[in-house]
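Raw run-v9.cif, mmCIF, C-alpha atoms:
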```
data_run
#
loop_
_atom_site.label_atom_id
_atom_site.label_comp_id
_atom_site.auth_asym_id
_atom_site.auth_seq_id
_atom_site.Cartn_x
_atom_site.Cartn_y
_atom_site.Cartn_z
CA MET A 27 4.51 8.63 13.42
CA VAL A 28 1.84 11.29 13.75
CA ALA A 29 -1.60 11.37 12.16
CA TYR A 30 -3.06 14.82 11.60
CA ALA A 31 -6.80 14.88 12.30
CA PRO A 32 -8.78 17.77 10.78
CA SER A 33 -12.16 18.83 12.11
CA GLY A 34 -14.74 16.27 11.00
CA VAL A 35 -12.04 13.61 10.73
CA SER A 36 -13.12 10.23 9.40
CA ALA A 37 -13.60 7.93 12.40
CA PHE A 38 -12.96 4.94 10.14
CA GLY A 39 -9.76 6.47 8.82
CA LEU A 40 -8.52 7.30 12.30
CA SER A 41 -9.29 3.78 13.52
CA ALA A 42 -7.60 2.15 10.53
CA VAL A 43 -4.38 4.16 10.71
CA SER A 44 -4.06 3.85 14.49
CA GLY A 45 -4.67 0.10 14.28
CA LEU A 46 -2.26 -0.55 11.44
CA PHE A 47 0.52 1.40 13.17
CA ALA A 48 -0.16 0.06 16.65
CA ASP A 49 2.87 -1.05 18.65
CA ARG A 50 3.41 -4.78 18.10
CA SER A 51 6.93 -4.99 19.49
CA HIS A 52 5.74 -7.77 21.82
CA LEU A 53 5.26 -9.85 18.66
CA GLY A 54 8.80 -9.19 17.50
CA LEU A 55 7.81 -6.42 15.08
CA PRO A 56 9.48 -2.99 15.00
CA PRO A 57 8.13 -0.65 17.69
CA PHE A 58 5.85 2.13 16.47
CA HIS A 59 5.09 5.29 18.40
CA PHE A 60 1.72 6.53 17.17
CA SER A 61 0.03 9.77 18.15
CA VAL A 62 -2.71 12.04 16.84
CA CYS A 63 -2.51 15.79 16.49
CA ALA A 64 -4.88 18.54 15.40
CA ASP A 65 -4.53 22.24 14.75
CA ARG A 66 -4.67 22.62 18.50
CA ALA A 67 -4.95 20.25 21.44
CA GLY A 68 -8.41 19.74 22.87
CA THR A 69 -11.81 18.46 21.76
CA LEU A 70 -12.28 17.41 18.14
CA ILE A 71 -15.54 16.33 16.49
CA THR A 72 -15.42 13.36 14.12
CA ASP A 73 -17.58 12.79 11.05
CA PHE A 74 -20.01 10.79 13.21
CA GLY A 75 -20.37 13.63 15.70
CA MET A 76 -18.33 11.90 18.38
CA CYS A 77 -16.09 14.00 20.60
CA MET A 78 -12.46 12.97 20.99
CA GLN A 79 -9.74 14.50 23.08
CA VAL A 80 -6.57 15.24 21.12
CA LYS A 81 -3.51 15.65 23.31
CA HIS A 82 -1.21 17.28 20.74
CA GLY A 83 -1.25 20.34 18.57
CA LEU A 84 0.79 20.90 15.42
CA GLU A 85 4.03 20.92 17.41
CA ALA A 86 3.87 17.10 17.26
CA LEU A 87 4.73 17.25 13.55
CA SER A 88 8.13 18.78 14.31
CA THR A 89 9.65 15.43 15.34
CA ALA A 90 7.58 12.92 13.34
CA ASP A 91 9.37 10.73 10.78
CA LEU A 92 6.01 9.87 9.16
CA VAL A 93 3.01 12.20 8.91
CA ILE A 94 -0.36 10.97 7.64
CA VAL A 95 -3.01 13.55 6.81
CA LEU A 96 -6.37 11.96 7.56
CA PRO A 97 -9.53 12.65 5.55
CA SER A 98 -12.42 14.81 6.69
CA GLU A 99 -16.07 15.07 5.72
CA ARG A 100 -16.11 18.82 6.36
CA ARG A 101 -16.42 21.10 3.35
CA PRO A 102 -14.86 23.24 2.06
CA LEU A 103 -11.49 21.57 2.48
CA THR A 104 -9.10 24.22 3.74
CA VAL A 105 -5.65 24.19 5.29
CA SER A 106 -4.80 26.51 8.14
CA THR A 107 -1.66 28.64 7.97
CA GLY A 108 -0.25 26.69 10.90
CA LEU A 109 -0.81 23.29 9.28
CA ASN A 110 0.58 24.50 5.98
CA GLN A 111 3.80 25.61 7.65
CA ALA A 112 4.06 22.52 9.86
CA LEU A 113 3.75 20.15 6.86
CA LEU A 114 6.26 22.15 4.82
CA ASP A 115 8.71 22.12 7.75
CA ALA A 116 8.28 18.37 8.22
CA PHE A 117 8.89 17.79 4.52
CA ARG A 118 12.04 19.94 4.49
CA ARG A 119 13.26 18.04 7.54
CA GLY A 120 12.97 14.80 5.56
CA ALA A 121 9.80 13.34 7.05
CA LEU A 122 7.69 11.04 4.89
CA ILE A 123 4.35 12.71 4.17
CA ALA A 124 1.28 10.64 3.30
CA ALA A 125 -2.40 11.39 2.83
CA TYR A 126 -5.44 9.70 1.40
CA CYS A 127 -9.01 10.40 0.36
CA ALA A 128 -9.85 14.03 1.23
CA GLY A 129 -6.50 14.21 3.04
CA SER A 130 -4.79 14.16 -0.36
CA PHE A 131 -6.72 17.28 -1.29
CA LEU A 132 -5.60 18.96 1.94
CA LEU A 133 -2.01 17.98 1.16
CA ALA A 134 -2.31 19.44 -2.34
CA GLU A 135 -3.29 22.78 -0.79
CA THR A 136 0.19 23.03 0.76
CA GLY A 137 1.87 22.81 -2.66
CA LEU A 138 3.71 19.60 -1.80
CA LEU A 139 2.04 17.74 -4.67
CA GLU A 140 2.94 20.26 -7.36
CA GLY A 141 4.54 18.50 -10.33
CA LEU A 142 3.86 15.05 -8.84
CA ARG A 143 1.42 12.23 -9.45
CA ALA A 144 -1.30 11.79 -6.84
CA THR A 145 -4.62 10.13 -6.15
CA THR A 146 -7.63 10.86 -3.98
CA ASN A 147 -11.25 9.89 -3.56
CA ARG A 148 -12.86 9.57 -7.00
CA SER A 149 -15.47 12.17 -6.07
CA LEU A 150 -12.67 14.70 -5.50
CA SER A 151 -10.34 13.75 -8.36
CA THR A 152 -11.83 16.12 -10.94
CA TYR A 153 -11.91 19.00 -8.46
CA LEU A 154 -8.30 18.30 -7.44
CA ALA A 155 -7.17 18.30 -11.08
CA LEU A 156 -8.98 21.57 -11.78
CA ARG A 157 -7.74 23.36 -8.68
CA HIS A 158 -4.16 22.06 -9.01
CA PRO A 159 -3.47 21.59 -12.73
CA SER A 160 0.23 20.88 -12.13
CA VAL A 161 -0.71 17.76 -10.14
CA SER A 162 -1.08 14.65 -12.30
CA VAL A 163 -4.19 13.06 -10.79
CA GLU A 164 -4.44 9.28 -11.23
CA ALA A 165 -8.11 8.91 -10.43
CA ASP A 166 -8.21 5.09 -10.61
CA ALA A 167 -5.07 4.28 -8.61
CA LEU A 168 -5.31 2.85 -5.09
CA TYR A 169 -2.21 4.74 -4.02
CA VAL A 170 0.65 6.64 -5.63
CA ASP A 171 4.20 6.58 -4.27
CA GLU A 172 6.33 9.57 -5.25
CA GLY A 173 9.15 8.92 -2.81
CA GLN A 174 8.84 11.34 0.10
CA VAL A 175 5.16 11.93 -0.64
CA VAL A 176 2.57 9.14 -0.87
CA THR A 177 -1.14 9.56 -1.54
CA GLY A 178 -4.04 7.13 -1.40
CA ALA A 179 -7.56 6.93 -2.77
CA GLY A 180 -10.78 6.80 -0.78
CA ALA A 181 -11.86 4.90 2.31
CA ALA A 182 -10.43 1.34 2.36
CA ALA A 183 -7.61 2.33 -0.02
CA GLY A 184 -6.09 4.04 3.01
CA ILE A 185 -5.42 0.55 4.38
CA ASP A 186 -3.64 -0.38 1.15
CA MET A 187 -1.56 2.78 1.36
CA CYS A 188 -0.57 2.12 4.98
CA LEU A 189 0.37 -1.49 4.25
CA HIS A 190 2.45 -0.21 1.34
CA LEU A 191 4.25 2.18 3.70
CA LEU A 192 4.90 -0.65 6.17
CA ARG A 193 6.16 -2.89 3.37
CA ARG A 194 8.36 -0.16 1.89
CA GLU A 195 9.92 1.00 5.14
CA HIS A 196 10.01 -2.21 7.19
CA GLY A 197 9.75 -5.08 4.72
CA VAL A 198 7.16 -7.55 3.53
CA ALA A 199 7.39 -9.73 6.66
CA VAL A 200 6.18 -6.84 8.82
CA SER A 201 3.40 -5.74 6.46
CA ASN A 202 2.24 -9.34 6.00
CA ALA A 203 2.07 -9.85 9.77
CA VAL A 204 -0.07 -6.72 10.20
CA ALA A 205 -2.28 -7.71 7.24
CA ARG A 206 -2.84 -11.17 8.72
CA GLU A 207 -3.89 -9.65 12.03
CA TRP A 208 -6.32 -7.36 10.22
CA MET A 209 -7.48 -10.16 7.89
CA VAL A 210 -6.99 -8.02 4.78
CA ALA A 211 -5.14 -8.59 1.52
CA PRO A 212 -1.42 -8.04 2.21
CA ARG A 213 -0.85 -6.31 -1.11
CA ARG A 214 -2.99 -4.65 -3.71
CA GLU A 215 -0.78 -2.99 -6.27
CA SER A 216 -0.88 0.81 -6.59
CA GLY A 217 -2.03 0.61 -10.20
CA GLN A 218 -5.00 -1.60 -9.37
CA THR A 219 -8.20 0.35 -9.97
CA GLN A 220 -10.43 1.50 -7.13
CA TYR A 221 -13.35 -0.35 -8.69
CA VAL A 222 -14.23 -2.28 -11.84
CA PRO A 223 -16.47 0.07 -13.86
CA SER A 224 -19.71 -1.23 -15.26
CA SER A 225 -20.00 -1.78 -18.99
CA PRO A 226 -22.09 -3.79 -21.45
CA GLU A 227 -19.74 -6.73 -20.84
CA ALA A 228 -20.00 -6.49 -17.05
CA GLY A 229 -22.37 -9.42 -16.87
CA THR A 230 -19.97 -11.65 -18.78
CA ARG A 231 -17.10 -10.65 -16.49
CA SER A 232 -18.92 -11.18 -13.19
CA LEU A 233 -17.93 -14.30 -11.28
CA THR A 234 -20.36 -16.96 -10.14
CA ASP A 235 -20.01 -18.24 -6.57
CA ASP A 236 -18.46 -21.44 -7.93
CA GLU A 237 -15.91 -19.55 -10.05
CA ASP A 238 -15.10 -17.26 -7.14
CA ALA A 239 -14.46 -20.27 -4.90
CA ARG A 240 -12.32 -21.98 -7.53
CA LEU A 241 -10.22 -18.86 -8.05
CA ALA A 242 -9.76 -18.41 -4.30
CA GLU A 243 -8.57 -22.01 -4.03
CA LEU A 244 -6.31 -21.50 -7.03
CA LEU A 245 -4.57 -18.50 -5.45
CA VAL A 246 -3.80 -20.54 -2.34
CA TRP A 247 -2.63 -23.48 -4.50
CA ALA A 248 -0.36 -21.27 -6.62
CA ARG A 249 1.20 -19.51 -3.62
CA THR A 250 2.42 -22.89 -2.33
CA ARG A 251 4.02 -23.74 -5.70
CA LEU A 252 5.85 -20.54 -6.62
CA SER A 253 9.10 -22.44 -7.12
CA GLN A 254 7.49 -24.30 -10.02
CA PRO A 255 7.35 -22.89 -13.60
CA LEU A 256 3.61 -22.21 -13.50
CA THR A 257 1.97 -21.27 -16.79
CA VAL A 258 -1.36 -19.62 -17.53
CA ASN A 259 -2.55 -22.84 -19.16
CA GLU A 260 -1.66 -24.84 -16.04
CA LEU A 261 -3.43 -22.32 -13.81
CA ALA A 262 -6.49 -22.44 -16.05
CA ARG A 263 -6.58 -26.24 -15.88
CA GLN A 264 -6.35 -26.09 -12.12
CA ALA A 265 -9.29 -23.64 -12.05
CA LEU A 266 -11.25 -25.88 -14.46
CA MET A 267 -11.56 -23.14 -17.07
CA SER A 268 -10.39 -22.56 -20.60
CA SER A 269 -7.28 -20.35 -20.85
CA ARG A 270 -9.25 -17.48 -22.39
CA THR A 271 -12.05 -17.62 -19.81
CA PHE A 272 -9.53 -17.98 -16.99
CA ALA A 273 -7.55 -14.91 -18.06
CA ARG A 274 -10.74 -12.84 -18.23
CA ARG A 275 -12.10 -14.09 -14.90
CA PHE A 276 -8.72 -13.70 -13.20
CA GLN A 277 -8.49 -10.06 -14.33
CA ALA A 278 -12.00 -9.38 -13.03
CA ALA A 279 -11.24 -10.95 -9.65
CA THR A 280 -7.75 -9.59 -8.99
CA GLY A 281 -7.43 -6.50 -11.17
CA THR A 282 -4.28 -7.83 -12.80
CA THR A 283 -3.04 -10.55 -15.17
CA PRO A 284 -1.97 -14.05 -14.05
CA TYR A 285 1.64 -13.33 -15.08
CA ALA A 286 1.77 -10.04 -13.18
CA TRP A 287 0.16 -11.66 -10.14
CA LEU A 288 2.69 -14.51 -10.12
CA THR A 289 5.56 -12.02 -10.43
CA ASP A 290 4.21 -10.01 -7.51
CA GLN A 291 3.80 -13.13 -5.34
CA ARG A 292 7.35 -14.25 -6.15
CA LEU A 293 8.76 -10.84 -5.33
CA ASP A 294 6.77 -10.71 -2.09
CA LEU A 295 8.21 -14.07 -1.04
CA ALA A 296 11.70 -12.99 -2.11
CA GLU A 297 11.41 -9.87 0.04
CA GLU A 298 10.41 -11.95 3.05
CA LEU A 299 13.25 -14.43 2.54
CA LEU A 300 15.78 -11.64 2.10
CA ALA A 301 14.66 -10.02 5.33
CA THR A 302 14.29 -13.14 7.48
CA THR A 303 16.84 -15.71 6.24
CA ASN A 304 20.52 -16.01 5.31
CA LEU A 305 19.78 -17.83 2.06
CA SER A 306 21.90 -16.73 -0.89
CA ILE A 307 20.37 -14.69 -3.69
CA ARG A 308 20.65 -17.73 -5.99
CA GLU A 309 18.86 -19.96 -3.48
CA ILE A 310 16.10 -17.40 -3.02
CA ALA A 311 15.66 -17.04 -6.78
CA GLY A 312 15.13 -20.79 -7.04
CA ARG A 313 12.71 -20.93 -4.11
CA VAL A 314 10.46 -18.21 -5.51
CA GLY A 315 10.46 -19.52 -9.08
CA PHE A 316 12.74 -17.16 -11.00
CA ARG A 317 14.98 -18.87 -13.55
CA SER A 318 18.14 -17.27 -12.20
CA ASN A 319 19.39 -14.72 -9.70
CA GLY A 320 19.77 -12.36 -12.68
CA VAL A 321 16.02 -12.52 -13.35
CA LEU A 322 15.35 -11.91 -9.66
CA ARG A 323 17.67 -8.93 -9.67
CA THR A 324 16.02 -7.45 -12.79
CA GLN A 325 12.52 -7.79 -11.34
CA PHE A 326 13.68 -6.53 -7.95
CA VAL A 327 15.30 -3.41 -9.34
CA LYS A 328 12.16 -2.77 -11.38
CA ARG A 329 10.07 -2.81 -8.20
CA HIS A 330 12.42 -1.21 -5.67
CA GLY A 331 15.11 0.56 -7.63
CA ILE A 332 17.79 -1.34 -5.69
CA SER A 333 19.34 -4.83 -5.87
CA PRO A 334 18.22 -7.74 -3.67
CA THR A 335 21.50 -7.50 -1.73
CA ASP A 336 21.01 -3.78 -1.04
CA TYR A 337 17.41 -4.46 -0.02
CA ARG A 338 18.57 -7.10 2.47
CA HIS A 339 21.08 -4.68 4.03
CA ARG A 340 18.46 -1.91 4.22
CA GLN A 341 15.92 -4.15 5.93
CA ARG A 342 18.45 -5.42 8.44
CA ARG A 343 19.55 -1.88 9.27
CA ALA A 344 15.91 -0.85 9.70
CA ASN A 345 15.42 -3.73 12.14
CA GLY A 346 18.64 -2.97 14.05
CA GLN A 347 20.48 -6.06 12.80
CA GLU A 348 23.25 -4.11 11.05
CA PRO A 349 25.02 -0.85 11.96
CA ARG A 350 23.92 2.17 9.95
#
```
Represent the supplied structure as structure tokens.
Amino acid sequence: MVAYAPSGVSAFGLSAVSGLFADRSHLGLPPFHFSVCADRAGTLITDFGMCMQVKHGLEALSTADLVIVLPSERRPLTVSTGLNQALLDAFRRGALIAAYCAGSFLLAETGLLEGLRATTNRSLSTYLALRHPSVSVEADALYVDEGQVVTGAGAAAGIDMCLHLLRREHGVAVSNAVAREWMVAPRRESGQTQYVPSSPEAGTRSLTDDEDARLAELLVWARTRLSQPLTVNELARQALMSSRTFARRFQAATGTTPYAWLTDQRLDLAEELLATTNLSIREIAGRVGFRSNGVLRTQFVKRHGISPTDYRHRQRRANGQEPR
């Protein structure tokens, strides 16, 4: 994969992407070949004023299977003719194109987001919508996956987007391993908002230290009991809260409902078991807490667009365990 670094590139963004896609083949993970390119090889100044030597120019994009456009603090945000052509060529060749924060705005300038949904830094979302009215800007989303084009929101949401790409292309076992190494949440859903906006009820939604600790313990407790038919009432009892208070506090802490969170955890575990074991679909459905393999299939198709069996074959081919 190749990360494109514009002038004034975010040092944090560059560090995050290079770290997440570092080669961990010695740990049994798929090998990644990461490089950075700019409009031309040579010295590049980051947003902190640091000088970095970039070995590759835009020619590096001609062979990349994944291109990530990094954000920049420089304004105005403009795309050179060379970058515009290089990104369009990579897209036509079938490369996966991703960008986040101000990088999403740069990507929009190429026309590759026309007619698609996209997200960017909240401070740029209105400007992006005005400049590119055919782009459906989802200002609150952490990341938006439109198939060959993926965009992310600001700053730390770039980590969520990259973990999503790892999970999508290489499976949940790989993304979870990288997330554990980075000590970050392995999955925050794309629809989860970038922040919880303040409101007159904000004080009633905020969590005390004790509630925060109880919810953290509850999440660990629930993840070890996914095979059981957990209910919201049972979760609330475990958290020592009323069902109504629990649902409200859970939403404030996680950005989603208890039911949606449980479904996501069960699907995450199902993905890992499909990729790393020879258990049957029925056995996996039972282990992750779905009533039948039919329910697992329905939820799986809803998330991935393919059946659990097809997902297993795709992951094994990606990891070289099956012929293409």
Subject >> Neighbour residues at most 9 Å from (-2.3, -20.4, -14.6) (only C-alpha atoms) as a list in words >> reply: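 The residues that fall inside the cut-off are Leu244, Ala248, Leu256, Thr257, Val258, Asn259, Glu260, Leu261, Ala262, Arg263, Gln264, Ala265, Ser269, Phe272, Ala273, Pro284, Tyr285 and Leu288 of chain A.
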Please produce, as a tab-separated table, a per-residue contact table for range 186-214 of chain A versus range 330-335 of chain A (criterion: any atom at most 12 Å away, all atoms listed in the file considered), showing the nearest atom pair and its distance in Å to one decimal, sorted by chain then residue number.
```
residue	atom	partner	partner_atom	distance
A:Arg193	CA	A:His330	CA	11.1
A:Arg194	CA	A:His330	CA	8.6
A:Glu195	CA	A:His330	CA	11.3
A:Gly197	CA	A:His330	CA	11.4
```
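If you measure from each of A:Glu172, A:Glu99, A:Glu85, A:Asp49 to Leu132 in chain A using only C-alpha atoms, the closest one turns out to be A:Glu99.
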**OP:** For the file shown, report as a ChimeraX atom specification the outcome of the PyMOL selection byres ((chain A and resi 102) around 12) at residue level.
**Re:** /A:32-34,98-101,103-105,128,131-132,135,150,153
Original post:
Interatomic distance between CA of Ser253 in chain A and CA of Leu295 in chain A?
Top reply: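 Interatomic distance here is 10.4 Å.
Proximity ranking of A:Ala296, A:Ala125, A:Ala286, A:Val28 relative to Ala48 in chain A places A:Val28 first, based on all atoms listed in the file.
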Could you tell me which residues the PyMOL selection byres ((chain A and resi 90-94) around 7) returns for this structure, as a CSV table (one decimal) with C-alpha atoms, in the frame of the given file?
```csv
chain,number,residue,atom,x,y,z
A,27,MET,CA,4.5,8.6,13.4
A,28,VAL,CA,1.8,11.3,13.8
A,29,ALA,CA,-1.6,11.4,12.2
A,30,TYR,CA,-3.1,14.8,11.6
A,86,ALA,CA,3.9,17.1,17.3
A,87,LEU,CA,4.7,17.2,13.6
A,88,SER,CA,8.1,18.8,14.3
A,89,THR,CA,9.6,15.4,15.3
A,95,VAL,CA,-3.0,13.6,6.8
A,96,LEU,CA,-6.4,12.0,7.6
A,121,ALA,CA,9.8,13.3,7.0
A,122,LEU,CA,7.7,11.0,4.9
A,123,ILE,CA,4.4,12.7,4.2
A,124,ALA,CA,1.3,10.6,3.3
A,125,ALA,CA,-2.4,11.4,2.8
```
Original post:
When distances are computed from all atoms listed in the file, which of A:Ala134, A:Met187, A:Ala179, A:Val80 shows the smallest separation from Val161 in chain A?
Top reply: A:Ala134
Original post:
Given the choices A:Asp186, A:Arg143, A:Val198, A:Glu297, which gets closest to Gly173 in chain A if the distance is worked out from only C-alpha atoms?
Top reply: A:Arg143
**OP:** Name the residues in contact with Met76 in chain A at a cut-off of 12 Å, using only C-alpha atoms, excluding same-chain residues fewer than 2 positions from it; report them as a list in words.
**Re:**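 Contacts, with the query itself left out: Ser33, Gly34, Val35, Ser36, Ala37, Thr69, Leu70, Ile71, Thr72, Asp73, Phe74, Met78 and Gln79 of chain A.
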Original post:
Quick one, how far is CA of Gly141 in chain A from CA of Pro159 in chain A?
Top reply: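 Those two atoms sit 8.9 Å apart.
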**OP:** Please provide the set of residues having any atom within 12 Å of Arg308 in chain A, restricted to only C-alpha atoms, with same-chain residues fewer than 6 positions apart removed, written as a VMD selection string.
**Re:** chain A and resid 296 299 to 300 314 to 323 334 to 335
For the selection you just gave me, I'd like the residues written to a file as a PDB file, keeping the file's coordinate frame, keeping C-alpha atoms.
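Output contents, as saved in selection.pdb:
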```pdb
ATOM      1  CA  ALA A 296      11.700 -12.990  -2.110  1.00  0.00           C
ATOM      2  CA  LEU A 299      13.250 -14.430   2.540  1.00  0.00           C
ATOM      3  CA  LEU A 300      15.780 -11.640   2.100  1.00  0.00           C
ATOM      4  CA  VAL A 314      10.460 -18.210  -5.510  1.00  0.00           C
ATOM      5  CA  GLY A 315      10.460 -19.520  -9.080  1.00  0.00           C
ATOM      6  CA  PHE A 316      12.740 -17.160 -11.000  1.00  0.00           C
ATOM      7  CA  ARG A 317      14.980 -18.870 -13.550  1.00  0.00           C
ATOM      8  CA  SER A 318      18.140 -17.270 -12.200  1.00  0.00           C
ATOM      9  CA  ASN A 319      19.390 -14.720  -9.700  1.00  0.00           C
ATOM     10  CA  GLY A 320      19.770 -12.360 -12.680  1.00  0.00           C
ATOM     11  CA  VAL A 321      16.020 -12.520 -13.350  1.00  0.00           C
ATOM     12  CA  LEU A 322      15.350 -11.910  -9.660  1.00  0.00           C
ATOM     13  CA  ARG A 323      17.670  -8.930  -9.670  1.00  0.00           C
ATOM     14  CA  PRO A 334      18.220  -7.740  -3.670  1.00  0.00           C
ATOM     15  CA  THR A 335      21.500  -7.500  -1.730  1.00  0.00           C
TER      16      THR A 335
END
```
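Interatomic distance, CA of Gly178 in chain A to CA of Ser130 in chain A: 7.1 Å.
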Original post:
Closest to Ser41 in chain A among A:Leu192, A:Leu113, A:Val200, A:Ala182, using only C-alpha atoms?
Top reply: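 The answer is A:Ala182, which sits nearest to Ser41 in chain A.
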Subject >> Shortest interatomic distance to Ser61 in chain A - which of A:Gly129, A:Gly83, A:Gly75, A:Gly120, counting all atoms listed in the file >> reply: A:Gly83
Regenerate range 262-269 of chain A at the level of all heavy atoms and dump it as a short mmCIF file (atom, residue, chain, number, x, y, z; two decimals), keeping the file's coordinate frame.
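What follows is the written file part.cif:
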```cif
data_model
loop_
_atom_site.label_atom_id
_atom_site.label_comp_id
_atom_site.auth_asym_id
_atom_site.auth_seq_id
_atom_site.Cartn_x
_atom_site.Cartn_y
_atom_site.Cartn_z
N ALA A 262 -5.12 -22.30 -15.53
CA ALA A 262 -6.49 -22.44 -16.05
C ALA A 262 -7.01 -23.85 -15.83
O ALA A 262 -8.17 -24.04 -15.45
CB ALA A 262 -6.52 -22.07 -17.53
N ARG A 263 -6.16 -24.85 -16.10
CA ARG A 263 -6.58 -26.24 -15.88
C ARG A 263 -6.92 -26.48 -14.42
O ARG A 263 -7.89 -27.16 -14.10
CB ARG A 263 -5.48 -27.20 -16.34
CG ARG A 263 -5.38 -27.36 -17.85
CD ARG A 263 -4.53 -28.57 -18.20
NE ARG A 263 -3.15 -28.44 -17.71
CZ ARG A 263 -2.16 -27.86 -18.37
NH1 ARG A 263 -2.39 -27.35 -19.58
NH2 ARG A 263 -0.95 -27.80 -17.87
N GLN A 264 -6.11 -25.93 -13.54
CA GLN A 264 -6.35 -26.09 -12.12
C GLN A 264 -7.67 -25.45 -11.70
O GLN A 264 -8.37 -25.94 -10.82
CB GLN A 264 -5.19 -25.46 -11.32
CG GLN A 264 -5.27 -25.64 -9.81
CD GLN A 264 -5.09 -27.09 -9.38
OE1 GLN A 264 -4.47 -27.88 -10.09
NE2 GLN A 264 -5.63 -27.43 -8.22
N ALA A 265 -8.03 -24.34 -12.35
CA ALA A 265 -9.29 -23.64 -12.05
C ALA A 265 -10.47 -24.21 -12.83
O ALA A 265 -11.59 -23.72 -12.70
CB ALA A 265 -9.14 -22.15 -12.36
N LEU A 266 -10.21 -25.24 -13.65
CA LEU A 266 -11.25 -25.88 -14.46
C LEU A 266 -11.90 -24.90 -15.42
O LEU A 266 -13.13 -24.85 -15.57
CB LEU A 266 -12.32 -26.52 -13.55
CG LEU A 266 -11.81 -27.55 -12.52
CD1 LEU A 266 -12.96 -28.05 -11.66
CD2 LEU A 266 -11.11 -28.70 -13.23
N MET A 267 -11.08 -24.11 -16.10
CA MET A 267 -11.56 -23.14 -17.07
C MET A 267 -10.69 -23.21 -18.31
O MET A 267 -9.55 -23.69 -18.26
CB MET A 267 -11.49 -21.71 -16.51
CG MET A 267 -12.30 -21.44 -15.28
SD MET A 267 -12.06 -19.71 -14.73
CE MET A 267 -12.88 -19.77 -13.13
N SER A 268 -11.23 -22.72 -19.42
CA SER A 268 -10.39 -22.56 -20.60
C SER A 268 -9.41 -21.42 -20.34
O SER A 268 -9.66 -20.57 -19.49
CB SER A 268 -11.24 -22.22 -21.82
OG SER A 268 -11.79 -20.92 -21.70
N SER A 269 -8.30 -21.39 -21.07
CA SER A 269 -7.28 -20.35 -20.85
C SER A 269 -7.86 -18.96 -21.07
O SER A 269 -7.57 -18.03 -20.31
CB SER A 269 -6.10 -20.58 -21.79
OG SER A 269 -5.46 -21.81 -21.49
#
```
